[in-house]
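Structure file protein_29.csv (CSV, C-alpha atoms and all ligand atoms) is printed below.
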chain,number,residue,atom,x,y,z
A,893,MET,CA,111.9,36.1,86.4
A,894,ILE,CA,113.2,38.3,83.7
A,895,GLU,CA,116.9,37.9,83.1
A,896,ILE,CA,119.6,40.5,82.3
A,897,PRO,CA,119.5,40.7,78.5
A,898,GLU,CA,115.7,41.0,78.4
A,899,THR,CA,115.7,43.8,81.0
A,900,TYR,CA,118.1,45.8,78.7
A,901,VAL,CA,115.7,45.2,75.8
A,902,LEU,CA,112.6,46.1,77.8
A,903,SER,CA,114.1,49.3,79.3
A,904,GLU,CA,115.3,50.5,75.9
A,905,GLN,CA,111.9,49.9,74.4
A,906,ILE,CA,110.1,51.6,77.3
A,907,LYS,CA,112.5,54.6,76.9
A,908,GLN,CA,111.6,54.9,73.3
A,909,THR,CA,107.8,54.1,73.5
A,910,LEU,CA,106.6,55.3,76.9
A,911,THR,CA,108.8,58.3,77.8
A,912,GLY,CA,106.7,61.4,78.0
A,913,LYS,CA,103.4,59.6,78.4
A,914,THR,CA,101.3,60.8,81.4
A,915,ILE,CA,99.7,58.1,83.6
A,916,ARG,CA,95.9,58.7,83.8
A,917,ARG,CA,95.3,55.7,86.1
A,918,ALA,CA,97.2,52.8,87.8
A,919,VAL,CA,95.5,49.6,88.6
A,920,ALA,CA,97.5,47.2,90.8
A,921,ASN,CA,96.4,43.7,91.9
A,922,ALA,CA,93.2,43.6,89.7
A,923,HIS,CA,93.7,39.8,89.5
A,924,PRO,CA,95.3,38.7,92.7
A,925,HIS,CA,98.2,36.2,92.3
A,926,ALA,CA,99.8,34.2,95.1
A,927,PHE,CA,103.3,35.1,94.0
A,928,ALA,CA,102.8,38.7,93.0
A,929,TRP,CA,104.6,41.1,95.3
A,930,TYR,CA,104.0,44.8,95.9
A,931,SER,CA,105.7,47.3,98.2
A,932,GLY,CA,103.0,48.3,100.6
A,933,ASP,CA,99.3,48.4,99.6
A,934,PRO,CA,98.7,48.0,95.9
A,935,VAL,CA,95.5,50.1,96.3
A,936,ALA,CA,97.9,53.1,97.0
A,937,TYR,CA,99.6,52.8,93.6
A,938,ASP,CA,97.0,54.9,91.8
A,939,ALA,CA,97.5,57.8,94.1
A,940,MET,CA,101.3,57.5,93.8
A,941,LEU,CA,101.3,57.3,90.0
A,942,SER,CA,98.4,59.0,88.4
A,943,GLY,CA,99.3,62.4,86.9
A,944,LYS,CA,103.0,61.4,86.6
A,945,LYS,CA,104.9,61.3,83.4
A,946,ILE,CA,107.2,58.4,82.5
A,947,THR,CA,110.6,60.0,82.4
A,948,ASP,CA,113.2,57.2,82.1
A,949,SER,CA,113.9,53.5,82.3
A,950,ASN,CA,116.9,51.4,83.4
A,951,PRO,CA,117.8,47.6,83.3
A,952,GLY,CA,118.2,47.4,87.1
A,953,THR,CA,121.3,49.5,86.9
A,954,GLY,CA,120.0,52.8,88.4
A,955,TYR,CA,118.5,52.0,91.8
A,956,THR,CA,118.4,48.2,92.2
A,957,CYS,CA,120.1,45.3,90.6
A,958,GLY,CA,120.1,43.0,87.6
A,959,GLY,CA,116.8,41.2,86.7
A,960,ASN,CA,114.6,44.3,87.3
A,961,THR,CA,113.3,46.8,84.9
A,962,GLU,CA,113.2,50.2,86.5
A,963,ILE,CA,110.6,52.7,85.3
A,964,ILE,CA,111.0,56.3,86.5
A,965,CYS,CA,107.8,58.3,86.7
A,966,GLU,CA,109.2,61.8,87.7
A,967,ASP,CA,109.8,61.3,91.5
A,968,MET,CA,108.3,57.8,91.7
A,969,LEU,CA,110.1,54.6,90.8
A,970,LEU,CA,108.6,51.3,89.6
A,971,VAL,CA,110.8,48.2,90.0
A,972,ILE,CA,109.4,45.3,88.0
A,973,SER,CA,110.6,41.8,87.6
A,974,THR,CA,107.7,40.5,85.5
A,975,PRO,CA,107.2,40.6,81.8
A,976,ILE,CA,105.9,44.1,80.6
A,977,LYS,CA,103.7,44.7,77.6
A,978,TYR,CA,102.7,47.8,75.7
A,979,HIS,CA,99.2,48.1,74.2
A,980,ALA,CA,98.5,50.8,71.6
A,981,PRO,CA,95.2,52.7,71.9
A,982,GLU,CA,92.2,50.4,71.3
A,983,LYS,CA,94.3,47.3,71.4
A,984,LYS,CA,93.0,44.4,73.5
A,985,LEU,CA,94.3,44.3,77.1
A,986,PRO,CA,95.3,41.0,78.7
A,987,ALA,CA,92.6,39.0,80.4
A,988,LYS,CA,94.6,39.0,83.7
A,989,HIS,CA,97.1,41.5,84.9
A,990,GLN,CA,98.7,42.4,88.2
A,991,LEU,CA,99.6,46.0,87.2
A,992,LEU,CA,98.1,48.2,84.5
A,993,LEU,CA,99.0,51.7,83.7
A,994,GLU,CA,96.6,53.7,81.5
A,995,PHE,CA,98.1,56.7,79.8
A,996,GLU,CA,96.3,59.9,78.7
A,997,ASP,CA,96.7,59.0,75.0
A,998,ASP,CA,94.6,55.8,75.7
A,999,SER,CA,97.5,53.4,75.4
A,1000,HIS,CA,98.4,51.0,78.2
A,1001,MET,CA,101.3,49.2,79.8
A,1002,SER,CA,100.6,45.9,81.6
A,1003,CYS,CA,102.4,43.4,83.8
A,1004,THR,CA,101.3,39.8,84.1
A,1005,VAL,CA,103.1,37.5,86.6
A,1006,GLN,CA,104.5,34.3,85.3
A,1007,MET,CA,105.4,32.0,88.2
A,1008,TRP,CA,106.3,34.9,90.5
A,1009,GLY,CA,107.2,38.5,90.2
A,1010,SER,CA,107.5,41.8,92.0
A,1011,MET,CA,106.1,45.2,91.0
A,1012,PHE,CA,107.4,47.7,93.6
A,1013,CYS,CA,106.4,51.3,93.7
A,1014,ALA,CA,108.1,53.9,95.9
A,1015,PRO,CA,109.5,57.4,95.8
A,1016,VAL,CA,113.0,57.4,94.2
A,1017,THR,CA,114.3,58.8,97.4
A,1018,ASP,CA,112.7,56.1,99.7
A,1019,LYS,CA,115.7,54.0,100.8
A,1020,THR,CA,113.5,51.8,103.1
A,1021,ALA,CA,111.3,50.6,100.3
A,1022,LEU,CA,114.3,50.0,98.1
A,1023,GLY,CA,116.0,48.2,101.0
A,1024,HIS,CA,114.3,45.0,99.7
A,1025,PHE,CA,117.1,44.9,97.1
A,1026,THR,CA,119.9,43.7,99.3
A,1027,ASN,CA,122.1,43.3,96.3
A,1028,THR,CA,121.7,46.8,95.1
A,1029,HIS,CA,124.6,48.0,93.0
A,1030,LEU,CA,126.4,44.8,92.7
A,1031,PRO,CA,128.2,45.1,89.3
A,1032,ASP,CA,126.1,44.0,86.3
A,1033,PRO,CA,128.0,41.6,84.0
A,1034,LEU,CA,127.3,44.0,81.0
A,1035,THR,CA,129.2,46.8,82.7
A,1036,ASP,CA,132.9,47.4,82.9
A,1037,ALA,CA,132.8,47.1,86.7
A,1038,PHE,CA,132.2,43.4,86.3
A,1039,ASP,CA,135.7,42.6,85.3
A,1040,GLU,CA,137.9,39.5,85.7
A,1041,LYS,CA,139.1,40.6,89.1
A,1042,TYR,CA,135.5,40.9,90.3
A,1043,PHE,CA,134.7,37.5,88.8
A,1044,ASP,CA,137.7,35.9,90.5
A,1045,ALA,CA,136.6,37.3,93.8
A,1046,LEU,CA,133.1,35.8,93.4
A,1047,TRP,CA,134.8,32.5,92.6
A,1048,GLU,CA,137.0,32.7,95.7
A,1049,ASN,CA,134.0,33.3,97.9
A,1050,THR,CA,132.1,30.3,96.6
A,1051,LYS,CA,132.5,26.8,98.0
A,1052,PRO,CA,134.8,24.8,95.7
A,1053,SER,CA,132.4,21.9,95.7
A,1054,TYR,CA,129.7,24.0,94.0
A,1055,SER,CA,128.7,23.2,90.5
A,1056,ALA,CA,129.2,25.7,87.6
A,1057,LYS,CA,125.4,26.2,87.5
A,1058,ALA,CA,125.2,26.8,91.2
A,1059,PHE,CA,128.0,29.3,91.0
A,1060,LEU,CA,126.5,31.3,88.1
A,1061,ALA,CA,122.8,31.1,88.8
A,1062,THR,CA,122.0,30.6,92.5
A,1063,GLU,CA,122.0,32.7,95.7
A,1064,GLN,CA,121.8,36.0,93.7
A,1065,ARG,CA,125.6,35.9,93.3
A,1066,ILE,CA,125.1,37.6,90.0
A,1067,PRO,CA,121.6,39.2,90.2
A,1068,GLY,CA,119.6,38.8,87.0
A,1069,LEU,CA,121.8,35.9,85.7
A,1070,GLY,CA,119.3,33.0,86.0
A,1071,ASN,CA,118.9,29.4,84.9
A,1072,GLY,CA,117.8,30.5,81.4
A,1073,VAL,CA,120.8,32.4,80.2
A,1074,ALA,CA,123.2,30.1,82.2
A,1075,GLN,CA,122.7,27.3,79.6
A,1076,ASP,CA,124.3,29.1,76.7
A,1077,ILE,CA,126.9,30.7,78.8
A,1078,LEU,CA,128.1,27.3,80.0
A,1079,PHE,CA,127.9,25.8,76.5
A,1080,ASN,CA,130.0,28.6,75.0
A,1081,ALA,CA,132.6,28.0,77.7
A,1082,ARG,CA,132.3,24.3,77.0
A,1083,ILE,CA,131.6,23.6,80.7
A,1084,HIS,CA,129.1,21.0,81.9
A,1085,PRO,CA,126.5,22.6,84.3
A,1086,LYS,CA,127.4,20.0,87.0
A,1087,ARG,CA,131.2,20.5,86.8
A,1088,LYS,CA,132.5,21.4,90.3
A,1089,LEU,CA,134.5,24.6,90.6
A,1090,GLU,CA,137.4,22.6,92.2
A,1091,THR,CA,137.8,20.5,89.1
A,1092,MET,CA,138.3,23.4,86.7
A,1093,ARG,CA,141.6,24.6,85.3
A,1094,GLU,CA,142.6,28.3,85.3
A,1095,ASN,CA,141.9,28.5,81.5
A,1096,GLU,CA,138.4,27.1,82.0
A,1097,LYS,CA,137.6,29.7,84.6
A,1098,GLU,CA,138.8,32.4,82.1
A,1099,GLN,CA,136.6,30.8,79.4
A,1100,LEU,CA,133.7,31.0,81.7
A,1101,PHE,CA,134.3,34.7,82.6
A,1102,ASN,CA,134.6,35.6,78.9
A,1103,SER,CA,131.5,33.6,78.1
A,1104,VAL,CA,129.4,35.5,80.8
A,1105,LYS,CA,130.4,38.8,79.2
A,1106,THR,CA,130.1,37.8,75.5
A,1107,THR,CA,127.0,35.6,75.6
A,1108,LEU,CA,125.0,38.1,77.6
A,1109,LYS,CA,126.1,40.9,75.3
A,1110,GLU,CA,125.1,38.9,72.2
A,1111,MET,CA,121.7,38.1,73.8
A,1112,LYS,CA,121.1,41.8,74.5
A,1113,ASP,CA,122.4,43.1,71.1
A,1114,LEU,CA,120.0,40.7,69.3
A,1115,GLY,CA,116.9,41.9,71.2
A,1116,GLY,CA,116.8,39.1,73.8
A,1117,ARG,CA,116.4,35.4,73.5
A,1118,ASP,CA,114.0,33.6,71.1
A,1119,THR,CA,112.4,31.9,74.2
A,1120,GLU,CA,111.3,35.3,75.6
A,1121,LYS,CA,108.9,38.1,74.5
A,1122,ASP,CA,109.6,41.8,74.4
A,1123,LEU,CA,107.5,44.9,75.2
A,1124,PHE,CA,105.6,44.4,71.9
A,1125,ASN,CA,105.1,40.6,72.5
A,1126,ASN,CA,107.7,39.7,69.8
A,1127,SER,CA,110.2,37.0,70.4
A,1128,GLY,CA,113.9,38.0,70.7
A,1129,GLY,CA,116.3,37.7,67.8
A,1130,TYR,CA,118.9,35.7,69.7
A,1131,ARG,CA,118.7,32.0,68.7
A,1132,THR,CA,119.2,30.0,71.9
A,1133,ILE,CA,121.7,27.1,71.6
A,1134,LEU,CA,120.3,25.1,74.5
A,1135,SER,CA,116.7,25.6,75.4
A,1136,LYS,CA,113.3,23.9,75.1
A,1137,ILE,CA,113.3,25.2,71.5
A,1138,THR,CA,116.5,23.5,70.5
A,1139,LEU,CA,116.1,20.3,72.6
A,1140,PRO,CA,114.7,18.2,69.6
A,1141,HIS,CA,117.6,19.3,67.3
A,1142,PRO,CA,121.2,18.1,67.2
A,1143,CYS,CA,124.0,20.1,68.9
A,1144,ARG,CA,125.0,23.0,66.5
A,1145,VAL,CA,128.7,22.2,67.1
A,1146,CYS,CA,129.1,18.4,67.1
A,1147,GLY,CA,125.7,17.2,65.8
A,1148,GLY,CA,125.1,15.0,68.8
A,1149,GLY,CA,122.0,14.9,71.0
A,1150,ILE,CA,121.1,17.6,73.5
A,1151,ILE,CA,120.2,16.4,77.0
A,1152,ARG,CA,117.7,17.9,79.5
A,1153,GLN,CA,117.8,17.1,83.2
A,1154,ALA,CA,116.3,18.6,86.4
A,1155,PHE,CA,119.1,20.0,88.5
A,1156,LEU,CA,119.1,22.5,91.4
A,1157,GLY,CA,115.5,23.7,90.9
A,1158,GLY,CA,115.2,24.0,87.1
A,1159,ASN,CA,116.1,22.2,83.9
A,1160,ILE,CA,119.6,22.2,82.7
A,1161,TYR,CA,120.4,21.5,79.0
A,1162,PHE,CA,123.8,20.4,77.8
A,1163,CYS,CA,125.6,18.6,75.1
A,1164,PRO,CA,127.5,15.6,76.7
A,1165,THR,CA,130.1,15.7,73.9
A,1166,CYS,CA,130.9,19.4,73.9
A,1167,GLN,CA,130.5,19.8,77.7
A,1168,MET,CA,132.3,16.8,79.2
A,1169,LEU,CA,131.7,16.2,82.9
A,1201,ZN,ZN,128.0,19.2,71.0

For this file, produce the structure as structure tokens.
Amino acid sequence: MIEIPETYVLSEQIKQTLTGKTIRRAVANAHPHAFAWYSGDPVAYDAMLSGKKITDSNPGTGYTCGGNTEIICEDMLLVISTPIKYHAPEKKLPAKHQLLLEFEDDSHMSCTVQMWGSMFCAPVTDKTALGHFTNTHLPDPLTDAFDEKYFDALWENTKPSYSAKAFLATEQRIPGLGNGVAQDILFNARIHPKRKLETMRENEKEQLFNSVKTTLKEMKDLGGRDTEKDLFNNSGGYRTILSKITLPHPCRVCGGGIIRQAFLGGNIYFCPTCQML
């Protein structure tokens, strides 16, 4: 899945690069993938999209929720949770793709599923199609609506025996905040991913709230994480503190070793010195 900071980067790049381009042809499901999801029949995408201009793009804040990139094509809406790539005219296209838009200037945009991903297409006014997004309009952590009061309410509605990772990154409590960004958020708050909510002091809860806001903002402002690729296939400028890239290196704060463990469906990374259990 694409997480919040990268959807901000993608949607901004789409706005700057694709707005005004007219879709000549849309090809969906050219290379069927078991975990590629479409709204309705992908064969119908061409009829829905060809001849339309790209008019805008949002990071899941317009019609759906965090973790999606929304591309508005006049009266049609694409909601995409896969990586998205731009291909200038005559540039090589990916060998496999699950959605390809060909523009009238011979450039292309492609989506290729990694693990799983959705590429929904529906009229912007179609509430039924968009009903898939049950968490529509939950506040995005990068907006003012996601304030400490809102964060406290999420906390109160979560079982006290839940771990910090489960609180942040499971059950779509905060759509678009996934296991990837959770690692640095927890590190910056100096909280171990397995710490149970009931063991945390008030000031630790505040640190976690502040870290959600500031860490995601830094990731977005620096063009996404260095573990992820943008619209032009470039890595982001945010240097991850805890990721597969930094695992072989000492902790940036204390110089100790970083640990990787499987926990709740995904690897967690932590520094056992800086994030005591
Ligand atoms: Zn450390």

Q | Cut-off 9 Å, only C-alpha atoms and all ligand atoms, neighbours of ligand ZN 1201 (chain A) as a PyMOL selection string | A | chain A and resi 1079+1082+1142-1150+1162-1167

Find the residues around Ser1002 in chain A up to 10 Å (all atoms listed in the file counted), leave out those fewer than 5 positions away in its own chain, and share them as a CSV table (one decimal) with C-alpha atoms, in the coordinates of the input.
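What follows is the written file result-v1.csv:
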chain,number,residue,atom,x,y,z
A,918,ALA,CA,97.2,52.8,87.8
A,919,VAL,CA,95.5,49.6,88.6
A,920,ALA,CA,97.5,47.2,90.8
A,974,THR,CA,107.7,40.5,85.5
A,975,PRO,CA,107.2,40.6,81.8
A,976,ILE,CA,105.9,44.1,80.6
A,977,LYS,CA,103.7,44.7,77.6
A,978,TYR,CA,102.7,47.8,75.7
A,979,HIS,CA,99.2,48.1,74.2
A,985,LEU,CA,94.3,44.3,77.1
A,986,PRO,CA,95.3,41.0,78.7
A,988,LYS,CA,94.6,39.0,83.7
A,989,HIS,CA,97.1,41.5,84.9
A,990,GLN,CA,98.7,42.4,88.2
A,991,LEU,CA,99.6,46.0,87.2
A,992,LEU,CA,98.1,48.2,84.5
A,993,LEU,CA,99.0,51.7,83.7
A,994,GLU,CA,96.6,53.7,81.5
A,1123,LEU,CA,107.5,44.9,75.2

Q: Tell me which protein, DNA and RNA residues are within 12 Å of Ala939 in chain A, counting only C-alpha atoms, leaving out same-chain ones fewer than 2 positions away, and put them as a VMD selection string.
A: chain A and resid 915 to 920 933 to 937 941 to 944 968 1013 to 1014

Q: Please identify all polymer residues within 9 Å of Gly1068 in chain A, counting all atoms listed in the file, omitting same-chain residues fewer than 4 positions from it, and present them as a PyMOL selection string.
A: chain A and resi 893-897+899+952+957-960+1032+1061+1064

Q | Distance query Lys983 in chain A at most 9 Å, all atoms listed in the file, self and fewer than 3 positions along chain excluded, as a PyMOL selection string | A | chain A and resi 979-980+999-1000

Q: Quick one: pull the distance between CA of Glu1040 in chain A and CA of Gly954 in chain A, Å, one decimal.
A: 22.5 Å

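If you look at CA of Ile1160 in chain A and CA of Lys1088 in chain A, they are 15.0 Å away from each other.
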
Spatial neighbours of Glu1063 in chain A, max dist 12 Å, only C-alpha atoms, sep filter under 2 positions, as a short mmCIF file (atom, residue, chain, number, x, y, z; two decimals) with C-alpha atoms, keeping the file's coordinate frame:
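Resulting contents of around02.cif:
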data_model
loop_
_atom_site.label_atom_id
_atom_site.label_comp_id
_atom_site.auth_asym_id
_atom_site.auth_seq_id
_atom_site.Cartn_x
_atom_site.Cartn_y
_atom_site.Cartn_z
CA THR A 1026 119.90 43.70 99.30
CA ASN A 1027 122.10 43.30 96.30
CA LEU A 1046 133.10 35.80 93.40
CA THR A 1050 132.10 30.30 96.60
CA TYR A 1054 129.70 24.00 94.00
CA LYS A 1057 125.40 26.20 87.50
CA ALA A 1058 125.20 26.80 91.20
CA PHE A 1059 128.00 29.30 91.00
CA LEU A 1060 126.50 31.30 88.10
CA ALA A 1061 122.80 31.10 88.80
CA ARG A 1065 125.60 35.90 93.30
CA ILE A 1066 125.10 37.60 90.00
CA PRO A 1067 121.60 39.20 90.20
CA GLY A 1068 119.60 38.80 87.00
CA LEU A 1069 121.80 35.90 85.70
CA GLY A 1070 119.30 33.00 86.00
CA ASN A 1071 118.90 29.40 84.90
CA LEU A 1156 119.10 22.50 91.40
#

Q.
Within 10 Å of (127.2, 37.2, 78.7) in the file's own coordinates, which protein, DNA or RNA residues have an atom, counting all atoms listed in the file? List them as number ranges by chain.
A. A: 896-897, 1033-1034, 1069, 1073-1074, 1076-1077, 1080, 1100-1112

Q) Quick one: distance from CA of Ser949 in chain A to CA of Asp1039 in chain A in Å, one decimal? A)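 Computing it gives 24.6 Å between the two atoms.
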
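Among A:Ser1010, A:Gln908, A:Thr953, A:Ser903, the residue with the shortest atom-to-atom distance to Ala926 in chain A, counting all atoms listed in the file, is A:Ser1010.
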
Q. Which residue gives the smallest distance to Pro1085 in chain A among A:Asn950, A:Asn1159, A:Thr1035, A:Thr1132, with all atoms listed in the file counted?
A. A:Asn1159

Q | Residue among A:Gln1099, A:Thr1020, A:Thr1091, A:Thr1004 lying closest to Pro1052 in chain A, counting all atoms listed in the file | A | A:Thr1091

Q | Nearest to Ile972 in chain A, chosen from A:Tyr1130, A:Thr914, A:Lys984, A:Pro951, with only C-alpha atoms counted in the distances | A |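 Using only C-alpha atoms, Ile972 in chain A sits closest to A:Pro951.
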